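Data from structure21.txt: compact mmCIF, C-alpha atoms and all ligand atoms
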# COMPACT_ATOMS: atom_id res chain seq x y z
CA MET R 775 76.70 56.97 -27.76
CA MET R 776 75.40 57.73 -24.28
CA THR R 777 78.92 57.91 -22.87
CA THR R 778 80.17 60.26 -25.58
CA PHE R 779 77.18 62.53 -25.05
CA GLY R 780 78.18 62.67 -21.36
CA LEU R 781 75.13 60.69 -20.19
CA GLU R 782 74.50 57.41 -18.43
CA ARG R 783 72.51 54.49 -19.72
CA ASP R 784 70.60 54.04 -16.46
CA GLY R 785 68.93 57.42 -17.07
CA ASP R 786 67.31 55.81 -20.10
CA PRO R 787 66.79 52.10 -19.39
CA ASP R 788 64.49 51.60 -22.39
CA GLY R 789 66.83 53.33 -24.81
CA GLU R 790 67.81 50.21 -26.67
CA PRO R 791 64.35 48.97 -27.72
CA ARG R 792 63.37 52.56 -28.44
CA PHE R 793 66.22 53.11 -30.88
CA ARG R 794 65.45 49.74 -32.48
CA ALA R 795 61.90 50.95 -33.07
CA LEU R 796 62.93 54.40 -34.32
CA ILE R 797 65.84 53.52 -36.59
CA ALA R 798 65.00 51.30 -39.57
CA PRO R 799 67.15 48.20 -40.05
CA GLY R 800 70.31 49.08 -41.96
CA ARG R 801 70.20 52.75 -40.99
CA ALA R 802 72.72 52.70 -38.12
CA TRP R 803 76.49 52.58 -38.45
CA ALA R 804 79.36 52.17 -36.05
CA ALA R 805 83.14 52.26 -36.24
CA PHE R 806 85.17 49.69 -34.31
CA ASP R 807 88.68 49.72 -32.94
CA GLY R 808 89.29 45.99 -32.66
CA THR R 809 86.05 44.82 -31.07
CA THR R 810 85.30 48.11 -29.31
CA MET R 811 82.68 50.41 -30.74
CA VAL R 812 84.20 53.90 -30.91
CA ALA R 813 81.89 55.89 -33.16
CA THR R 814 78.20 55.86 -34.10
CA ALA R 815 75.75 57.47 -36.51
CA ALA R 816 72.22 56.70 -37.66
CA SER R 817 69.47 57.96 -39.93
CA HIS R 818 65.88 58.63 -39.03
CA THR R 819 63.44 58.07 -41.88
CA LEU R 820 61.70 61.43 -41.86
CA ARG R 821 59.02 63.34 -43.70
CA VAL R 822 59.60 67.07 -43.36
CA GLY R 823 57.39 69.98 -44.37
CA ILE R 824 58.65 72.08 -47.30
CA PRO R 825 56.98 75.05 -49.01
CA GLY R 826 53.68 73.66 -50.26
CA GLY R 827 54.48 70.02 -49.56
CA VAL R 828 56.31 67.32 -47.66
CA LEU R 829 59.67 65.76 -48.56
CA PRO R 830 61.22 62.43 -47.50
CA MET R 831 64.45 63.22 -45.70
CA ALA R 832 67.20 61.28 -43.97
CA GLY R 833 67.61 62.65 -40.45
CA LEU R 834 71.23 62.33 -39.36
CA THR R 835 71.34 61.51 -35.66
CA MET R 836 73.25 59.72 -32.88
CA VAL R 837 76.58 61.04 -34.18
CA THR R 838 79.34 60.33 -31.68
CA VAL R 839 83.06 59.65 -31.78
CA ARG R 840 84.86 58.56 -28.62
CA PRO R 841 87.03 61.35 -27.19
CA THR R 842 90.05 59.05 -27.64
CA HIS R 843 89.36 58.61 -31.37
CA ARG R 844 88.64 62.12 -32.56
CA ARG R 845 90.02 63.93 -35.59
CA ARG R 846 90.87 60.76 -37.50
CA GLY R 847 88.13 61.10 -40.06
CA LEU R 848 85.52 58.83 -38.41
CA LEU R 849 82.78 61.46 -38.56
CA ARG R 850 83.61 62.14 -42.19
CA GLU R 851 83.27 58.42 -43.02
CA LEU R 852 80.01 58.07 -41.12
CA VAL R 853 78.50 61.12 -42.86
CA ALA R 854 79.52 59.64 -46.22
CA LEU R 855 77.72 56.37 -45.33
CA HIS R 856 74.63 58.30 -44.23
CA LEU R 857 74.53 60.33 -47.45
CA ALA R 858 75.10 57.34 -49.75
CA ASP R 859 72.31 55.46 -47.97
CA ALA R 860 69.92 58.45 -48.25
CA SER R 861 70.68 58.73 -51.95
CA ALA R 862 70.15 54.98 -52.50
CA ARG R 863 66.77 55.23 -50.78
CA GLY R 864 65.70 58.15 -52.96
CA GLU R 865 65.66 60.76 -50.21
CA PRO R 866 66.55 64.07 -51.92
CA ALA R 867 67.73 65.77 -48.71
CA SER R 868 69.29 65.15 -45.32
CA ALA R 869 68.48 67.09 -42.17
CA LEU R 870 69.96 67.38 -38.70
CA TRP R 871 70.20 69.36 -35.48
CA ALA R 872 73.82 70.17 -34.71
CA SER R 873 75.48 69.90 -31.31
CA GLU R 874 77.95 72.56 -32.48
CA ALA R 875 77.47 75.10 -35.25
CA THR R 876 80.96 74.63 -36.68
CA ILE R 877 80.77 70.97 -37.65
CA TYR R 878 78.34 70.44 -40.54
CA GLY R 879 78.79 73.31 -42.99
CA ARG R 880 81.76 71.47 -44.49
CA PHE R 881 79.50 68.56 -45.38
CA GLY R 882 77.06 70.80 -47.29
CA TYR R 883 74.51 71.48 -44.54
CA GLY R 884 73.08 74.98 -44.10
CA VAL R 885 70.75 76.40 -41.46
CA ALA R 886 67.24 76.33 -42.96
CA ALA R 887 65.09 76.90 -39.86
CA GLU R 888 65.79 78.79 -36.66
CA VAL R 889 63.96 78.70 -33.31
CA ASP R 890 63.63 81.15 -30.46
CA ALA R 891 64.51 80.19 -26.91
CA LEU R 892 61.70 82.11 -25.32
CA GLU R 893 61.34 83.24 -21.72
CA LEU R 894 58.29 84.82 -20.23
CA ASP R 895 57.97 86.58 -16.89
CA THR R 896 54.27 85.96 -16.35
CA ARG R 897 53.77 88.28 -13.36
CA GLY R 898 51.10 90.83 -14.17
CA VAL R 899 51.03 89.88 -17.84
CA THR R 900 47.65 89.52 -19.47
CA ILE R 901 46.91 88.05 -22.86
CA ALA R 902 44.66 89.91 -25.28
CA ALA R 903 42.00 87.66 -26.76
CA ALA R 904 38.54 88.51 -28.04
CA ALA R 905 37.40 84.93 -27.46
CA VAL R 906 39.06 81.90 -25.96
CA ASP R 907 38.56 78.15 -26.12
CA ALA R 908 37.78 75.87 -23.20
CA LEU R 909 40.63 74.08 -21.42
CA GLU R 910 40.91 70.42 -20.50
CA TRP R 911 43.43 68.74 -18.23
CA HIS R 912 44.64 65.35 -19.47
CA ASP R 913 46.80 62.69 -18.00
CA GLU R 914 49.15 60.93 -20.33
CA ALA R 915 46.78 58.06 -21.10
CA SER R 916 43.98 60.32 -22.25
CA ALA R 917 46.36 62.71 -24.06
CA ARG R 918 47.94 59.95 -26.16
CA PRO R 919 45.09 59.45 -28.63
CA LEU R 920 44.34 63.18 -28.93
CA LEU R 921 47.63 65.00 -29.51
CA PRO R 922 48.75 63.52 -32.86
CA ALA R 923 45.70 64.78 -34.79
CA ILE R 924 46.00 68.29 -33.31
CA TYR R 925 49.70 68.36 -34.10
CA ALA R 926 49.09 67.28 -37.71
CA VAL R 927 46.68 70.18 -38.28
CA ALA R 928 48.87 72.68 -36.41
CA ILE R 929 51.99 71.93 -38.48
CA ALA R 930 50.27 71.41 -41.84
CA GLY R 931 51.86 73.81 -44.30
CA ARG R 932 54.78 74.57 -41.98
CA PRO R 933 58.16 74.20 -43.73
CA GLY R 934 60.67 72.45 -41.49
CA ALA R 935 58.10 70.62 -39.36
CA LEU R 936 58.44 66.88 -38.81
CA HIS R 937 55.44 64.86 -39.95
CA ARG R 938 55.40 62.37 -37.09
CA SER R 939 54.58 58.70 -37.51
CA SER R 940 52.70 56.75 -34.82
CA THR R 941 56.02 55.11 -33.88
CA TRP R 942 57.54 58.56 -33.42
CA TRP R 943 54.68 59.57 -31.13
CA ARG R 944 54.93 56.40 -29.11
CA GLU R 945 58.70 56.28 -28.77
CA ARG R 946 59.51 60.00 -28.59
CA GLY R 947 56.40 62.13 -28.23
CA PHE R 948 55.37 60.38 -25.05
CA LEU R 949 58.79 59.40 -23.82
CA ASP R 950 59.23 60.30 -20.16
CA ALA R 951 62.56 58.74 -19.15
CA SER R 952 64.23 60.50 -16.22
CA LEU R 953 66.88 61.61 -18.73
CA MET R 954 64.26 63.75 -20.44
CA ARG R 955 63.01 65.30 -17.23
CA GLU R 956 66.25 66.90 -16.02
CA GLY R 957 64.85 67.09 -12.51
CA ALA R 958 61.52 68.59 -13.54
CA SER R 959 58.03 67.14 -13.10
CA ARG R 960 56.32 64.68 -15.39
CA ARG R 961 54.68 66.17 -18.43
CA ARG R 962 51.36 67.95 -17.94
CA HIS R 963 48.93 68.01 -20.86
CA VAL R 964 46.36 70.76 -21.35
CA LEU R 965 44.08 70.84 -24.37
CA ALA R 966 42.12 73.69 -25.90
CA ARG R 967 38.66 72.77 -27.14
CA ARG R 968 35.99 74.59 -29.14
CA GLY R 969 32.77 72.59 -29.08
CA ALA R 970 33.61 69.12 -30.35
CA ASP R 971 36.96 70.18 -31.86
CA ALA R 972 40.31 70.01 -30.12
CA THR R 973 42.13 73.17 -31.24
CA GLY R 974 45.50 72.99 -29.54
CA TYR R 975 47.57 71.76 -26.64
CA VAL R 976 50.39 72.72 -24.37
CA VAL R 977 52.62 70.03 -22.90
CA TYR R 978 54.84 71.24 -20.08
CA ARG R 979 56.88 70.32 -17.06
CA GLN R 980 57.35 72.27 -13.85
CA LEU R 981 60.54 72.97 -11.99
CA ALA R 982 61.16 75.42 -9.15
CA GLY R 983 58.56 78.01 -10.11
CA LYS R 984 59.08 77.61 -13.81
CA THR R 985 56.80 76.25 -16.50
CA ARG R 986 58.98 74.44 -19.00
CA ILE R 987 57.02 74.19 -22.22
CA VAL R 988 57.77 71.01 -24.11
CA GLU R 989 55.45 71.92 -26.96
CA LEU R 990 52.65 74.38 -27.61
CA MET R 991 50.62 73.65 -30.72
CA ALA R 992 47.58 75.57 -31.91
CA VAL R 993 45.50 75.10 -35.04
CA ASP R 994 44.62 78.81 -35.19
CA ALA R 995 45.07 82.20 -33.55
CA ARG R 996 42.29 81.80 -31.02
CA ALA R 997 43.72 78.52 -29.75
CA GLU R 998 47.21 80.07 -29.55
CA ALA R 999 45.90 82.97 -27.44
CA THR R 1000 43.96 80.52 -25.26
CA LEU R 1001 47.07 78.48 -24.51
CA TRP R 1002 49.27 81.51 -23.78
CA ARG R 1003 46.59 82.84 -21.47
CA PHE R 1004 46.67 79.51 -19.67
CA VAL R 1005 50.49 79.55 -19.41
CA THR R 1006 50.54 83.07 -17.95
CA GLY R 1007 48.03 82.03 -15.29
CA ILE R 1008 49.61 78.85 -13.89
CA ASP R 1009 49.70 79.27 -10.09
CA LEU R 1010 53.08 79.20 -8.36
CA CYS R 1011 54.86 79.45 -11.73
CA PRO R 1012 55.79 83.10 -12.36
CA ALA R 1013 58.08 82.20 -15.23
CA ALA R 1014 57.77 80.13 -18.36
CA GLU R 1015 60.32 79.03 -20.92
CA TRP R 1016 60.26 77.27 -24.26
CA GLU R 1017 63.50 76.38 -25.98
CA THR R 1018 62.12 75.73 -29.43
CA ALA R 1019 59.45 78.38 -30.02
CA PRO R 1020 58.69 79.40 -33.61
CA VAL R 1021 60.30 82.67 -34.72
CA ASP R 1022 56.80 83.92 -35.58
CA SER R 1023 55.23 83.22 -32.17
CA ALA R 1024 52.36 85.63 -31.51
CA LEU R 1025 53.22 85.84 -27.80
CA PRO R 1026 55.01 89.24 -27.81
CA TRP R 1027 52.05 90.70 -29.73
CA LEU R 1028 49.48 89.12 -27.41
CA ALA R 1029 51.17 90.01 -24.12
CA SER R 1030 50.14 93.18 -22.27
CA ASP R 1031 53.84 93.86 -21.62
CA ARG R 1032 56.03 92.62 -24.45
CA ARG R 1033 59.25 93.28 -22.53
CA ARG R 1034 58.34 90.37 -20.29
CA VAL R 1035 59.03 88.18 -23.30
CA THR R 1036 62.66 87.63 -24.23
CA ARG R 1037 63.83 85.64 -27.20
CA VAL R 1038 67.24 84.30 -28.14
CA ARG R 1039 67.49 82.95 -31.67
CA HIS R 1040 69.28 79.67 -32.41
CA ASP R 1041 69.97 77.52 -35.41
CA ALA R 1042 67.58 74.56 -35.49
CA LEU R 1043 67.15 72.49 -38.65
CA TRP R 1044 70.17 72.15 -40.93
CA LEU R 1045 69.51 70.92 -44.46
CA ARG R 1046 71.67 69.38 -47.11
CA ILE R 1047 70.14 69.10 -50.56
CA GLY R 1048 71.45 65.88 -52.12
CA ASP R 1049 69.37 65.76 -55.30
CA VAL R 1050 69.04 69.34 -56.57
CA PRO R 1051 66.36 68.89 -59.28
CA ALA R 1052 64.28 66.47 -57.16
CA ALA R 1053 64.30 68.86 -54.20
CA LEU R 1054 63.72 72.05 -56.21
CA THR R 1055 60.78 70.58 -58.13
CA ALA R 1056 59.21 69.08 -54.98
CA ARG R 1057 58.57 72.44 -53.31
CA GLN R 1058 56.15 75.11 -54.43
CA TYR R 1059 56.96 78.71 -55.30
CA ALA R 1060 55.03 81.84 -54.35
CA SER R 1061 56.07 83.77 -57.45
CA ASP R 1062 56.80 83.09 -61.10
CA GLY R 1063 60.30 83.58 -62.40
CA GLU R 1064 63.38 82.10 -64.04
CA LEU R 1065 66.90 81.86 -62.78
CA VAL R 1066 70.08 80.00 -63.65
CA LEU R 1067 71.37 78.77 -60.34
CA GLY R 1068 74.96 77.60 -59.99
CA VAL R 1069 75.32 74.97 -57.26
CA ASP R 1070 78.91 73.90 -56.60
CA GLY R 1071 79.83 74.54 -60.25
CA THR R 1072 76.77 72.93 -61.92
CA SER R 1073 74.20 75.22 -63.56
CA TRP R 1074 70.47 74.58 -63.13
CA GLN R 1075 67.72 76.43 -64.96
CA LEU R 1076 64.95 76.94 -62.41
CA ALA R 1077 61.66 78.16 -63.87
CA SER R 1078 58.55 78.55 -61.76
CA ARG R 1079 55.04 79.15 -63.06
CA GLY R 1080 51.78 78.95 -61.12
CA GLY R 1081 53.47 77.58 -58.01
CA ARG R 1082 55.36 74.69 -59.62
CA ALA R 1083 58.88 74.71 -61.06
CA THR R 1084 61.00 72.83 -63.55
CA CYS R 1085 64.71 72.39 -62.95
CA THR R 1086 67.04 71.30 -65.72
CA GLN R 1087 70.79 71.15 -65.95
CA VAL R 1088 72.07 73.68 -68.47
CA ASP R 1089 75.35 74.73 -69.95
CA ALA R 1090 75.05 78.41 -69.10
CA GLU R 1091 76.67 80.97 -66.86
CA PRO R 1092 74.71 81.10 -63.58
CA ASP R 1093 72.85 84.26 -62.57
CA VAL R 1094 73.40 83.35 -58.93
CA ARG R 1095 76.03 81.05 -57.43
CA VAL R 1096 75.63 79.12 -54.18
CA ASP R 1097 77.33 76.21 -52.53
CA ARG R 1098 75.31 73.23 -51.32
CA ALA R 1099 75.07 74.55 -47.76
CA ALA R 1100 73.65 77.90 -48.91
CA LEU R 1101 71.11 76.05 -51.07
CA GLY R 1102 70.03 74.15 -47.93
CA SER R 1103 69.52 77.49 -46.18
CA LEU R 1104 67.46 78.92 -49.06
CA TYR R 1105 65.31 75.85 -49.59
CA LEU R 1106 62.61 76.30 -46.95
CA GLY R 1107 62.05 79.92 -47.94
CA SER R 1108 62.95 81.57 -44.63
CA VAL R 1109 66.53 82.68 -45.32
CA PRO R 1110 66.70 85.33 -48.07
CA ALA R 1111 69.36 84.98 -50.77
CA SER R 1112 70.20 88.67 -50.31
CA LEU R 1113 70.99 88.04 -46.63
CA LEU R 1114 73.34 85.19 -47.54
CA ALA R 1115 74.86 87.42 -50.25
CA ARG R 1116 75.71 89.98 -47.56
CA ALA R 1117 77.54 87.17 -45.76
CA GLY R 1118 79.40 86.11 -48.89
CA GLN R 1119 77.51 82.81 -49.22
CA VAL R 1120 75.60 83.75 -52.36
CA SER R 1121 77.04 85.67 -55.28
CA GLY R 1122 75.50 87.34 -58.30
CA ALA R 1123 74.35 90.72 -59.60
CA VAL R 1124 72.10 92.61 -57.19
CA GLU R 1125 69.06 92.20 -59.45
CA SER R 1126 69.70 88.43 -59.86
CA VAL R 1127 69.98 87.99 -56.10
CA ALA R 1128 66.75 89.97 -55.70
CA LYS R 1129 65.14 87.59 -58.19
CA ALA R 1130 66.36 84.64 -56.12
CA ASP R 1131 64.83 86.34 -53.05
CA ARG R 1132 61.43 86.50 -54.75
CA LEU R 1133 61.64 82.99 -56.15
CA PHE R 1134 62.60 81.17 -52.95
CA ALA R 1135 60.55 83.26 -50.47
CA TRP R 1136 57.64 81.51 -48.76
CA PRO R 1137 55.08 83.27 -46.54
CA ILE R 1138 55.09 80.69 -43.72
CA ALA R 1139 58.17 80.83 -41.48
CA ALA R 1140 60.15 77.60 -41.24
CA TRP R 1141 59.94 75.88 -37.86
CA CYS R 1142 61.17 72.57 -36.54
CA ALA R 1143 59.79 72.22 -33.02
CA GLU R 1144 61.85 69.29 -31.91
CA GLN R 1145 65.44 68.23 -31.80
CA PHE R 1146 66.38 64.81 -33.10
C1 LIG S 1201 81.78 66.06 -33.43
C2 LIG S 1201 82.47 64.72 -33.52
C3 LIG S 1201 81.42 63.71 -33.98
C4 LIG S 1201 83.60 64.81 -34.55
O1 LIG S 1201 84.10 63.52 -34.91
P1 LIG S 1201 85.56 63.27 -35.54
O2 LIG S 1201 85.61 61.84 -35.93
O3 LIG S 1201 86.58 63.79 -34.64
O4 LIG S 1201 85.54 64.16 -36.86
P2 LIG S 1201 86.46 63.92 -38.18
O5 LIG S 1201 87.83 63.53 -37.76
O6 LIG S 1201 85.77 63.03 -39.15
O7 LIG S 1201 86.48 65.38 -38.73
C5 LIG S 1201 85.84 65.78 -39.96
C6 LIG S 1201 86.03 67.27 -40.10
O8 LIG S 1201 85.24 67.96 -39.11
C7 LIG S 1201 86.05 68.80 -38.31
N1 LIG S 1201 85.50 68.78 -36.94
C8 LIG S 1201 85.28 67.70 -36.20
N2 LIG S 1201 84.74 68.06 -35.02
C9 LIG S 1201 84.63 69.40 -35.03
C10 LIG S 1201 84.15 70.35 -34.10
N3 LIG S 1201 83.67 69.98 -32.92
N4 LIG S 1201 84.18 71.66 -34.44
C11 LIG S 1201 84.66 72.03 -35.65
N5 LIG S 1201 85.13 71.16 -36.57
C12 LIG S 1201 85.10 69.86 -36.27
C13 LIG S 1201 87.43 68.23 -38.41
O9 LIG S 1201 88.40 69.19 -38.18
C14 LIG S 1201 87.45 67.73 -39.86
O10 LIG S 1201 87.64 68.82 -40.73
P3 LIG S 1201 88.49 68.69 -42.09
O11 LIG S 1201 88.00 67.46 -42.77
O12 LIG S 1201 88.18 69.96 -42.79
O13 LIG S 1201 89.90 68.57 -41.61
C15 LIG S 1201 83.05 64.30 -32.19
O14 LIG S 1201 83.89 65.31 -31.73
C16 LIG S 1201 82.03 63.99 -31.11
O15 LIG S 1201 81.63 62.83 -30.97
N6 LIG S 1201 81.60 64.97 -30.30
C17 LIG S 1201 80.65 64.77 -29.22
C18 LIG S 1201 79.28 64.37 -29.70
C19 LIG S 1201 78.75 65.30 -30.74
O16 LIG S 1201 78.90 66.50 -30.64
N7 LIG S 1201 78.11 64.75 -31.77
C20 LIG S 1201 77.47 65.52 -32.81
C21 LIG S 1201 76.02 65.32 -32.64
S1 LIG S 1201 75.09 66.34 -33.73
Can I see the file as structure tokens?
Ligand SMILES: CC(C)(COP(=O)(O)OP(=O)(O)OC[C@H]1O[C@@H](n2cnc3c(N)ncnc32)[C@H](O)[C@@H]1OP(=O)(O)O)[C@@H](O)C(=O)NCCC(=O)NCCS
Amino acid sequence: MMTTFGLERDGDPDGEPRFRALIAPGRAWAAFDGTTMVATAASHTLRVGIPGGVLPMAGLTMVTVRPTHRRRGLLRELVALHLADASARGEPASALWASEATIYGRFGYGVAAEVDALELDTRGVTIAAAAVDALEWHDEASARPLLPAIYAVAIAGRPGALHRSSTWWRERGFLDASLMREGASRRRHVLARRGADATGYVVYRQLAGKTRIVELMAVDARAEATLWRFVTGIDLCPAAEWETAPVDSALPWLASDRRRVTRVRHDALWLRIGDVPAALTARQYASDGELVLGVDGTSWQLASRGGRATCTQVDAEPDVRVDRAALGSLYLGSVPASLLARAGQVSGAVESVAKADRLFAWPIAAWCAEQF
């Protein structure tokens, strides 16, 4: 896997025990040519935020095929194993981050959450804040017990967010292999605190005058402003960047000069809905309504009332037709059906598509802060 990703094992000497801890037994697959391993794939056992809840998901990861063995169907076989395993374990959906945007649509994955690669020229920028929290500097040892609880509050209610286990924190959250550093400093940890309560944190590295944000998490607006004020004031670092900022970051609205903030939007979390009724009844809905949804030729009557929905297979003409990938895009509530209709990925009468817009919409933007 490391070789195919263009990396070296010595950059990550503890990789093997780490993957053993992160990947449950039976959730990794490989293809062999004779006795040589030539392709890999694995599933993380994830819990991911959805509108009004959390859903067990299989996180497809570690997908590699040796350059000498490409385009022979190995990826296709590995994806089939991953999906059959997810279905057997009762996970209604699979999620992934894609190395290339052209690979996974054919397997029924659609982009459900995007991120902004954000850059900030901090020179002369001030951050508007009526009140700010206190700041605390932590080394890794003292940060370890504090960050998980702050993170859990900060991402509660956020569709697309990973609900991290303690193993995930230990093996990934605090991983500092040289591979992760890419020449930058160790991680720095700064917490925001209001009285007895920790209200947020920023974890960052430094490299050649740049603050590289690993993660900035805030439980509310005041903590977010506090942390951005801190980032704009780091001495000797006139620039900051964050590759996986939420699309609804308040930074441009807080900054005294919003043109110092640039954002480039990328696909982040791709979703594939495996079990349509299980997934559609697991999430909540912000408005009442009824719709016959055609997914890859099967019609589902979706009826939401008071936040909850029922979903039953029916023998009726669909109001709106989608393929599985488009359903994945709609699911977290951040990609409107009418937008996908303009791209030819959703079809139906204008008023039916508008109904689908209202039904699937969710007020909190989807965000997955971390690649897996
Ligand atoms: C991407 C990768 C896993 C593909 O593996 P593979 O075994 O060659 O893929 P398959 O032969 O099973 O191809 C399955 C389908 O995907 C298509 N496909 C494969 N790689 C593709 C790519 N990079 N871009 C677009 N389509 C691709 C194939 O054309 C085929 O399509 P078809 O079934 O419609 O004919 C492999 O190129 C690789 O290891 N790349 C480097 C690591 C990487 O990017 N991993 C993905 C991590 S998210």
*Spatial neighbours of R:Pro1026, 10 Å, all atoms listed in the file, chain gap at least 4 places, as a PyMOL selection string*: chain R and resi 894+901+1022+1030-1037
Can you write just those residues out, C-alpha atoms, as a short mmCIF file (atom, residue, chain, number, x, y, z; two decimals), in the frame of the given file?
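Printed below is out-v3.cif as written:
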data_model
loop_
_atom_site.label_atom_id
_atom_site.label_comp_id
_atom_site.auth_asym_id
_atom_site.auth_seq_id
_atom_site.Cartn_x
_atom_site.Cartn_y
_atom_site.Cartn_z
CA LEU R 894 58.29 84.82 -20.23
CA ILE R 901 46.91 88.05 -22.86
CA ASP R 1022 56.80 83.92 -35.58
CA SER R 1030 50.14 93.18 -22.27
CA ASP R 1031 53.84 93.86 -21.62
CA ARG R 1032 56.03 92.62 -24.45
CA ARG R 1033 59.25 93.28 -22.53
CA ARG R 1034 58.34 90.37 -20.29
CA VAL R 1035 59.03 88.18 -23.30
CA THR R 1036 62.66 87.63 -24.23
CA ARG R 1037 63.83 85.64 -27.20
#
*asked:* Using only C-alpha atoms and all ligand atoms, which residues have at least one atom no more than 10 Å from ligand LIG 1201 (chain S)? Output them as a count of residues only.
replied: 44
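Counting only C-alpha atoms, the residue from R:Ala1099, R:Ala928, R:Ala917, R:Met811 that sits nearest to R:Ala867 is R:Ala1099.
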*Please provide as an NGL selection string all residues within 10 Å of R:Ile929, with the sequence filter that same-chain residues fewer than 2 positions apart are discarded (counting all atoms listed in the file).*
:R and (823 or 924-927 or 931-937 or 991-993 or 1141-1143)
*Excluding stretch 903-913 of chain R and any residue of its chain fewer than 2 positions from it, enumerate the residues within 10 Å of it, using only C-alpha atoms, and give them as a PyMOL selection string.*
chain R and resi 900-901+915-918+920+961-969+971-975+977+995-1004+1028-1029
*Provide the atom CA of R:Met954 to atom CA of R:His856 distance in Å, to one decimal place.*
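Result for atom CA of R:Met954 versus atom CA of R:His856: 26.5 Å, one decimal.
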Closest contacts (stretch 867-919 of chain R/stretch 1045-1048 of chain R, max 6 Å, all atoms listed in the file) as JSON lines:
{"residue": "R:Ala867", "atom": "CA", "partner": "R:Ile1047", "partner_atom": "CA", "distance": 4.5}
{"residue": "R:Ser868", "atom": "CA", "partner": "R:Arg1046", "partner_atom": "CA", "distance": 5.2}
{"residue": "R:Ala869", "atom": "CA", "partner": "R:Leu1045", "partner_atom": "CA", "distance": 4.6}
{"residue": "R:Gly882", "atom": "CA", "partner": "R:Arg1046", "partner_atom": "CA", "distance": 5.6}
{"residue": "R:Tyr883", "atom": "CA", "partner": "R:Arg1046", "partner_atom": "CA", "distance": 4.4}
{"residue": "R:Gly884", "atom": "CA", "partner": "R:Leu1045", "partner_atom": "CA", "distance": 5.4}
*Please identify all polymer residues within 8 Å of R:Ala1135, counting only C-alpha atoms, omitting same-chain residues fewer than 5 positions from it, and present them as an NGL selection string.*
:R and (1059-1060 or 1107-1110)
*What does the distance between atom CA of R:Gly800 and atom CA of R:Leu829 come to in Å, to one decimal place?*
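Value for the atom CA of R:Gly800-atom CA of R:Leu829 distance: 20.9 Å.
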*asked:* Give me, as a VMD selection string, all polymer residues having an atom no more than 7 Å from R:His1040, counting only C-alpha atoms and skipping those fewer than 5 positions away in the same chain.
replied: chain R and resid 888 to 890
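One distance worth recording is that between atom CA of R:Ser817 and atom CA of R:Ala802, which is 6.4 Å.
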Stretch 794-803 of chain R from the block above: N, CA, C and O atoms written as a short mmCIF file (atom, residue, chain, number, x, y, z; two decimals), in the first residue's frame:
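That gives us decode-v4.cif:
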data_model
loop_
_atom_site.label_atom_id
_atom_site.label_comp_id
_atom_site.auth_asym_id
_atom_site.auth_seq_id
_atom_site.Cartn_x
_atom_site.Cartn_y
_atom_site.Cartn_z
N ARG R 794 -3.44 -2.38 12.42
CA ARG R 794 -4.07 -3.50 13.13
C ARG R 794 -5.06 -3.00 14.17
O ARG R 794 -6.10 -3.62 14.39
N ALA R 795 -4.72 -1.88 14.80
CA ALA R 795 -5.63 -1.33 15.82
C ALA R 795 -6.86 -0.68 15.16
O ALA R 795 -7.97 -0.75 15.68
N LEU R 796 -6.65 -0.05 14.00
CA LEU R 796 -7.73 0.74 13.39
C LEU R 796 -8.69 -0.12 12.56
O LEU R 796 -9.87 0.23 12.45
N ILE R 797 -8.19 -1.17 11.95
CA ILE R 797 -9.04 -1.98 11.06
C ILE R 797 -9.45 -3.25 11.81
O ILE R 797 -8.59 -4.02 12.25
N ALA R 798 -10.74 -3.45 11.95
CA ALA R 798 -11.23 -4.62 12.69
C ALA R 798 -10.84 -5.90 11.95
O ALA R 798 -10.75 -5.91 10.72
N PRO R 799 -10.63 -6.99 12.70
CA PRO R 799 -10.30 -8.26 12.05
C PRO R 799 -11.34 -8.61 10.98
O PRO R 799 -12.53 -8.44 11.21
N GLY R 800 -10.87 -9.06 9.84
CA GLY R 800 -11.79 -9.43 8.77
C GLY R 800 -12.20 -8.27 7.88
O GLY R 800 -12.95 -8.45 6.93
N ARG R 801 -11.68 -7.08 8.14
CA ARG R 801 -12.10 -5.93 7.33
C ARG R 801 -10.97 -5.42 6.42
O ARG R 801 -11.01 -4.27 5.99
N ALA R 802 -10.00 -6.27 6.13
CA ALA R 802 -8.97 -5.89 5.15
C ALA R 802 -8.85 -7.00 4.12
O ALA R 802 -8.98 -8.18 4.44
N TRP R 803 -8.64 -6.60 2.87
CA TRP R 803 -8.56 -7.57 1.78
C TRP R 803 -7.33 -7.29 0.93
O TRP R 803 -6.86 -6.15 0.84
#
